[in-house]
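Presented below is the structure to which this report refers.
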Amino acid sequence: MNDLVLILSIPIAATLLAIFCPKIAVLSRTVSLALWFYFAILVYLFAPLFASKQAIYLFAGLSADRIAAAFILLTVIISASAITQAGIFFEHELLSENPAENLHVRQFYILAMLFLLSMITVFFCQNLGFLWMSIEATTLLSAGLVYFHRSQNSLEATWKYFIICSVGIALALLGVVLIYASSQYACSEGTLAIPELIRLAGLLNIPLFKLGFIFAFLGFATKSGVFPLHSWLPDAYSEAPAPASAMFSGALLNCALYAIMRLCDICRASGHFAAAFSILLWAGSITVIAAAIFLVHQHGIKRLWAYSSIENAGLMLVAIATGSWSLFLLQAANHSLAKTSLFLLSGNIIQATGTKQLKDIRGVLTFCPVWGVLLALSAFAVTGVPPFGVFISEWLILNELMVMGQFLPVAILLAGLALAFIAVSVHLGQILFGVPKKNFRIFRPTLSSLVPGLLLLGSLVLGFTVTPSLLAVFTP
Amino acid sequence: MMNEVNLLTVTAAVFAIMMSGSGQSRTNLLLYAMQTFFIALACLAQAEAKGSPELYTVVIGIIVIKVLTVPYFLSWLANKIEARSDPGAFLPIPLTMHVSILLFALSHFLALGLPLFKGIGSVASDATGAISLLLTGMLFMLTRRFALGQIIGFLTLENGIFLFAVTQTKGMPFIIEMGILLDVLVAVMIGGLFVFRIQKSFEHIDVTQLNGLKE
């Protein structure tokens with residue numbers, strides 16, 4: 001119970017602070033400090049898990065095992081980074097020609113904190129019903145973040161996000177109901193508790209369970225932007241302010257994929273993983289190649305990274321299909337660190353040039369070498385260039401598929417990854433070199449590079465330190 | 001074989017079909033409220049059959065939130081932004097009703113194909129109403145121009161899922177039923193807020209014309 005209080009306290013305190021703190025500058029500093037403090041608390045709380053303990057119990061239906069704890073820490077790191085950068089981002093935003101209103105910045109912080117809390121809850125859920133509710137809560141709380149700029153475009157993106165994800169999540173609810181119906185064959189009352197479902201997996205009604213799995217997969221896949229259910233994602237990522245885009249791509253994407261992973265846990269226990277395997281493998285591979293093709297013709301800088309997130313969601317699905325949760329975690333962590341850095345840097349560049357259009361962003365390397373170098377490194381990290389972490393996890397995923405004898409998906413994935421790398425490199429070259437069409441207003445170049453730089457360092461560290469024995473910690 | 005629950009679910013589905021045949025926002029909302037009321041009655045019948053006191057609370061929750069609050073709020077909103085009559089998209093509205101009748105027939109065959117759980121005394125065609133609501137809700141979302149219509153379609157879809165849970169299971173855990181109700185309420189409030197913003201910002205709520213972000 002104490003753990004529950006500890007976990008809830010900081011996000012709620014930060015929310016209250018965002019409501020009542022009179023000055024935005026004080027608010028942004030305190031909230032970012034609070035989040036790093038929160039990270040420290042969580043590390044302290046979860047440390048026993050990685051040593052010996054199996055799980056931490058909070059409440060009926062809420063507990064965390066190792067993999068959940070790792071995802072929670074990742075979510076908090078990403079959110080803390082995004083919120084820290086948000087301080088500088090909004091400071092610049094408030095000084096710009098059409099300054100954002102103080103009230104909107106305050107609303108951003110309130111929603112961001114509640115959004116963070118809902119994302120953390122997702123990982124604690126050991127019950128499909130709770131899991132569904134917290135994923136729906138992430139949609140409801142984050143829709144307001146997309147609407148930050150109050151423009152027609154942001155409103156359109158918000159509406160698309162809200163309605164498409166709500167319908168998707170409604171389908172996931174149908175899936176949850178069907179899985180519940182299938183569990184009535186196993187125990188008289190029926191259950192939604194994941195550990196119970198895993199225990200009784202052999203007795204579930206398989207046709208109902210499979211139907212439920214498909215609907216739940218469709219729902220959560222909508223939320224994670226799997227092709228062809230991705231249409232809301234580039235719009236939302238592109239219209240949201242950069243710190244929110246970073247939280248969407250670095251943290252929210254993992255939540256929805258984590259839900260799919262939990263479903264696969266039950267699926268695996270039921271002995272019918274083969275069907276799920278082919279769904280995940282093919283959905284993932286097709287998503288990777290489709291996203292790579294979309295990457296070629298992009299006109300907005302953040303849309304570029306959004307399609308790259310879709311590509312990575314596809315890779316993570318493939319990682320889940322291999323049945324190795326640690327591989328999924330590794331890919332998620334690598335992608336989140338590098339992509340957050342990219343979104344935050346892109347936010348700086350968009351503010352400096354006053355445009356999101358790729359054709360108007362030129363010569364970043366000349367005007368602000370720090371941003372240029374970091375942007376190039378982050379983009380390479382995301383596309384899987386060694387020695388960054390993404391390279392290791394992509395290599396391990398492909399290796400795993402080769403061992404399984406799945407050569408066609410490997411070929412598709414390789415083609416997708418190569419095409420994505422070329423497309424991103426070409427766009428990147430145009431961003432970095434040349435002469436900008438508009439004037440370039442640099443704001444605090446060193447301070448605003450700090451967080452992206454550290455995230456990039458994290459990606460580099462993961463690239464150098466990950467070994468199979470380290471990954472084995474996460475295999476239950 | 002017809003039983004009480006079956007009759008109620010089919011009535012709810014018929015109201016949804018009638019709803020798909022009207023373009024008037026207020027008529028839609030009235031028919032949505034009627035449809036949900038019959039779902040609440042079906043839920044009540046199940047509560048009696050199963051003797052579960054928790055289901056009674058769910059029935060009260062549905063009546064307060066989905067039969068009264070949500071339609072009232074949305075019709076207030078429709079009045080406020082003067083969204084009276086939806087011109088319809090893709091299909092003429094009378095034709096939409098005919099398609100939803102076909103979907104009802106399709107639902108019957110889909111329901112017969114579902115594995116049937118014997119323990120709760122349900123018959124195969126019990127799921128017909130639920131599946132029909134689900135499909136009608138989707139069709140409604142596809143054939144309406146107004147953002148408001150999308151919300152009503154979504155709510156009908158959600159009603160279908162809820163009815164499916166009521167008729168095909170022994171009842172979902174109480175806390176989850178209430179959680180879903182709360183989620184729906186919050187979703188409608190947030191959706192309503194955005195509809196209001198769209199009206200203010202674009203001076204219409206025609207979602208087919210929201211295409212500023214097309215590539």
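Residue numbering restarts at 1 in every chain; chains get A, B, ... in the order shown in the structure tokens, and ligands count up from 1 in that same order.
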
Chain A contacts on chain B, only C-alpha atoms, 6 Å, as a ChimeraX atom specification
/B:161,165,169,176

Save the residues we just selected, all heavy atoms, as a tab-separated table (two decimals), in the first residue's frame?
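Below you can see part.tsv, which holds the result:
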chain	number	residue	atom	x	y	z
B	161	ILE	N	-21.21	-3.40	-27.97
B	161	ILE	CA	-20.21	-4.18	-27.23
B	161	ILE	C	-20.71	-4.47	-25.82
B	161	ILE	O	-20.60	-5.57	-25.30
B	161	ILE	CB	-18.87	-3.42	-27.19
B	161	ILE	CG1	-18.31	-3.31	-28.60
B	161	ILE	CG2	-17.88	-4.12	-26.29
B	161	ILE	CD1	-17.15	-2.36	-28.72
B	165	ALA	N	-21.54	-8.07	-24.02
B	165	ALA	CA	-21.03	-8.52	-22.72
B	165	ALA	C	-22.18	-8.97	-21.82
B	165	ALA	O	-22.06	-9.96	-21.10
B	165	ALA	CB	-20.23	-7.40	-22.05
B	169	THR	N	-22.03	-13.16	-21.58
B	169	THR	CA	-21.21	-13.56	-20.44
B	169	THR	C	-22.08	-13.52	-19.20
B	169	THR	O	-23.21	-13.05	-19.24
B	169	THR	CB	-20.02	-12.61	-20.21
B	169	THR	OG1	-20.53	-11.36	-19.75
B	169	THR	CG2	-19.23	-12.38	-21.47
B	176	ILE	N	-15.22	-3.08	-13.55
B	176	ILE	CA	-14.89	-2.82	-14.96
B	176	ILE	C	-16.09	-2.25	-15.71
B	176	ILE	O	-15.95	-1.32	-16.51
B	176	ILE	CB	-14.32	-4.10	-15.59
B	176	ILE	CG1	-12.94	-4.33	-14.97
B	176	ILE	CG2	-14.23	-3.99	-17.10
B	176	ILE	CD1	-12.32	-5.63	-15.25

Do a neighbour search on Glu177 in chain B at 12 Å with only C-alpha atoms, toss out local chain neighbours closer than 3 positions, and write the hits as a ChimeraX atom specification.
/A:129-130,132-133,173,177 /B:43,54-62,161-163,165-166,171-174,180-184

Please save N, CA and C atoms of the selected residues as a short mmCIF file (atom, residue, chain, number, x, y, z; two decimals), in the first residue's frame.
data_model
loop_
_atom_site.label_atom_id
_atom_site.label_comp_id
_atom_site.auth_asym_id
_atom_site.auth_seq_id
_atom_site.Cartn_x
_atom_site.Cartn_y
_atom_site.Cartn_z
N GLY A 129 -9.28 -5.90 -18.07
CA GLY A 129 -10.24 -4.81 -17.97
C GLY A 129 -9.56 -3.50 -17.58
N PHE A 130 -8.71 -3.58 -16.55
CA PHE A 130 -7.97 -2.39 -16.11
C PHE A 130 -7.05 -1.90 -17.22
N TRP A 132 -7.44 -2.22 -20.39
CA TRP A 132 -8.23 -1.53 -21.41
C TRP A 132 -8.56 -0.11 -20.94
N MET A 133 -9.00 -0.01 -19.68
CA MET A 133 -9.40 1.31 -19.16
C MET A 133 -8.23 2.27 -19.16
N LEU A 173 -12.09 -3.40 -26.70
CA LEU A 173 -13.01 -3.77 -25.62
C LEU A 173 -13.81 -5.01 -26.01
N VAL A 177 -14.02 -8.50 -24.04
CA VAL A 177 -15.27 -9.19 -23.68
C VAL A 177 -15.23 -10.63 -24.21
N CYS B 43 -30.44 -5.51 -19.52
CA CYS B 43 -29.50 -5.69 -18.42
C CYS B 43 -30.26 -6.01 -17.12
N GLU B 54 -25.11 -6.44 -8.09
CA GLU B 54 -24.21 -5.48 -8.72
C GLU B 54 -24.74 -5.01 -10.07
N LEU B 55 -25.40 -5.95 -10.79
CA LEU B 55 -25.94 -5.58 -12.10
C LEU B 55 -27.01 -4.51 -11.98
N TYR B 56 -27.75 -4.51 -10.85
CA TYR B 56 -28.77 -3.47 -10.66
C TYR B 56 -28.11 -2.09 -10.63
N THR B 57 -26.95 -2.02 -9.95
CA THR B 57 -26.23 -0.74 -9.91
C THR B 57 -25.80 -0.33 -11.32
N VAL B 58 -25.37 -1.33 -12.10
CA VAL B 58 -24.97 -1.02 -13.48
C VAL B 58 -26.18 -0.45 -14.24
N VAL B 59 -27.37 -1.06 -14.03
CA VAL B 59 -28.58 -0.59 -14.72
C VAL B 59 -28.83 0.88 -14.37
N ILE B 60 -28.72 1.20 -13.08
CA ILE B 60 -28.93 2.60 -12.66
C ILE B 60 -27.88 3.50 -13.34
N GLY B 61 -26.64 3.02 -13.35
CA GLY B 61 -25.56 3.77 -13.99
C GLY B 61 -25.87 4.05 -15.46
N ILE B 62 -26.35 3.03 -16.17
CA ILE B 62 -26.66 3.21 -17.60
C ILE B 62 -27.76 4.26 -17.76
N ILE B 161 -21.21 -3.40 -27.97
CA ILE B 161 -20.21 -4.18 -27.23
C ILE B 161 -20.71 -4.47 -25.82
N PHE B 162 -21.33 -3.45 -25.22
CA PHE B 162 -21.85 -3.62 -23.86
C PHE B 162 -22.92 -4.70 -23.84
N LEU B 163 -23.84 -4.63 -24.83
CA LEU B 163 -24.92 -5.61 -24.90
C LEU B 163 -24.37 -7.00 -25.12
N ALA B 165 -21.54 -8.07 -24.02
CA ALA B 165 -21.03 -8.52 -22.72
C ALA B 165 -22.18 -8.97 -21.82
N VAL B 166 -23.30 -8.25 -21.89
CA VAL B 166 -24.42 -8.59 -21.00
C VAL B 166 -25.05 -9.92 -21.40
N GLY B 171 -21.74 -11.60 -17.00
CA GLY B 171 -21.59 -10.25 -16.46
C GLY B 171 -20.13 -9.98 -16.19
N MET B 172 -19.62 -8.89 -16.76
CA MET B 172 -18.23 -8.53 -16.52
C MET B 172 -18.08 -8.12 -15.06
N PRO B 173 -16.85 -8.16 -14.53
CA PRO B 173 -16.66 -7.69 -13.15
C PRO B 173 -17.22 -6.27 -12.98
N PHE B 174 -17.85 -6.06 -11.82
CA PHE B 174 -18.58 -4.81 -11.57
C PHE B 174 -17.72 -3.57 -11.77
N ILE B 180 -16.01 1.33 -17.52
CA ILE B 180 -16.33 1.55 -18.93
C ILE B 180 -17.36 2.68 -19.05
N LEU B 181 -18.37 2.65 -18.16
CA LEU B 181 -19.39 3.71 -18.17
C LEU B 181 -18.76 5.09 -17.97
N LEU B 182 -17.84 5.15 -17.01
CA LEU B 182 -17.17 6.42 -16.71
C LEU B 182 -16.35 6.88 -17.91
N ASP B 183 -15.65 5.90 -18.53
CA ASP B 183 -14.85 6.22 -19.72
C ASP B 183 -15.72 6.82 -20.81
N VAL B 184 -16.91 6.21 -21.00
CA VAL B 184 -17.82 6.70 -22.04
C VAL B 184 -18.24 8.13 -21.73
#

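Counting only C-alpha atoms and comparing B:Ala40, B:Ile190, B:Ala13, B:Val64, the residue that lies closest to Ala127 in chain B is B:Ala13.
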
Could you name the residues that touch range 76-87 of chain B at 10 Å or less, counting only C-alpha atoms, but leaving out those on the same chain fewer than 2 positions away, as a ChimeraX atom specification?
/B:22-29,70-74,89,91-93,143-149,192-193,195-196,199-200,203-206

Between CA of Met19 in chain B and CA of Ser107 in chain B, what is the distance in Å, rounded to a tenth?
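The value is 17.4 Å.
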
Spatial neighbours of range 217-222 of chain A, 6 Å, only C-alpha atoms, chain gap at least 6 places, as a PDB file with N, CA, C and O atoms, in the first residue's frame:
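As a result, result.pdb now contains:
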ATOM      1  N   GLY A 168     -10.883   2.328 -32.340  1.00  0.00           N
ATOM      2  CA  GLY A 168      -9.929   1.225 -32.205  1.00  0.00           C
ATOM      3  C   GLY A 168     -10.011   0.607 -30.829  1.00  0.00           C
ATOM      4  O   GLY A 168     -10.099  -0.621 -30.677  1.00  0.00           O
ATOM      5  N   ILE A 169     -10.011   1.462 -29.815  1.00  0.00           N
ATOM      6  CA  ILE A 169     -10.030   0.967 -28.448  1.00  0.00           C
ATOM      7  C   ILE A 169     -11.371   0.298 -28.143  1.00  0.00           C
ATOM      8  O   ILE A 169     -11.432  -0.655 -27.355  1.00  0.00           O
ATOM      9  N   LEU A 171     -12.981  -1.516 -30.284  1.00  0.00           N
ATOM     10  CA  LEU A 171     -12.803  -2.879 -30.805  1.00  0.00           C
ATOM     11  C   LEU A 171     -11.990  -3.719 -29.826  1.00  0.00           C
ATOM     12  O   LEU A 171     -12.261  -4.907 -29.633  1.00  0.00           O
ATOM     13  N   ALA A 172     -11.001  -3.081 -29.201  1.00  0.00           N
ATOM     14  CA  ALA A 172     -10.206  -3.808 -28.206  1.00  0.00           C
ATOM     15  C   ALA A 172     -11.098  -4.240 -27.047  1.00  0.00           C
ATOM     16  O   ALA A 172     -10.928  -5.326 -26.490  1.00  0.00           O
ATOM     17  N   LEU A 229      -3.616   1.007 -40.025  1.00  0.00           N
ATOM     18  CA  LEU A 229      -4.451   1.699 -39.038  1.00  0.00           C
ATOM     19  C   LEU A 229      -3.745   2.946 -38.511  1.00  0.00           C
ATOM     20  O   LEU A 229      -4.059   3.443 -37.450  1.00  0.00           O
ATOM     21  N   ALA A 256       0.845   0.743 -25.857  1.00  0.00           N
ATOM     22  CA  ALA A 256      -0.074  -0.056 -26.665  1.00  0.00           C
ATOM     23  C   ALA A 256       0.577  -1.381 -27.047  1.00  0.00           C
ATOM     24  O   ALA A 256      -0.071  -2.431 -27.019  1.00  0.00           O
TER      25      ALA A 256
END

Smallest atom-to-atom distance to Val186 in chain B: which of B:Ser201, B:Thr128, B:Thr69, B:Thr208, using only C-alpha atoms?
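The closest residue to Val186 in chain B is B:Thr69.
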
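Restricting the calculation to only C-alpha atoms, the smallest distance between Leu375 in chain A and any of A:Ser449, A:Gln54, A:Ser270, A:Ser285 is found for A:Ser449.
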
CA of Ser52 in chain A to CA of Phe474 in chain A, distance in Å rounded to a single decimal:
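According to the coordinates, CA of Ser52 in chain A and CA of Phe474 in chain A are separated by 11.9 Å.
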
Neighbours of Ser341 in chain A within 12 Å (only C-alpha atoms; same-chain residues fewer than 4 positions away dropped), as a ChimeraX atom specification?
/A:77-79,81-82,85,242-243,245-247,249-250,305,334-337,345-348,371,374-382,448-459

Running DSSP on the backbone, which parts of range 63-196 of chain B land in helix (DSSP H, G or I), as a PyMOL selection string?
chain B and resi 63-80+93-113+118-120+126-142+147-168+174-196

Within 8 Å of Asp126 in chain B, counting only C-alpha atoms, which residues qualify if same-chain residues fewer than 3 places away don't, as a VMD selection string?
chain B and resid 5 to 6 9 111 122 to 123 129 to 130 167 to 168

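Nearest residue to Val188 in chain B among B:Ile152, B:Leu157, B:Leu7, B:Val207 is B:Ile152, counting only C-alpha atoms.
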
Using only C-alpha atoms, which residue out of A:His230, A:Lys23, A:His149, A:Arg262 lies closest to Leu197 in chain A?
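Counting only C-alpha atoms, the residue closest to Leu197 in chain A is A:Arg262.
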
With a distance cut-off of 9 Å and only C-alpha atoms, select the neighbouring residues of range 86-93 of chain A, excluding the residue or stretch itself and same-chain residues fewer than 2 positions from it, and output the selection as a VMD selection string.
chain A and resid 24 to 25 27 to 29 32 81 to 84 95 to 100 105 241 to 244 344 347 to 348 351 443 to 444 447 to 448

For CA of Leu462 in chain A and CA of Ala80 in chain A, quote the distance in Å rounded to one decimal.
18.9 Å

Residue nearest Leu41 in chain B - candidates B:Ser132, B:Gln209, B:Gln150, B:Thr11, atoms counted: only C-alpha atoms:
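When distances to Leu41 in chain B are compared using only C-alpha atoms, the smallest one comes from B:Thr11.
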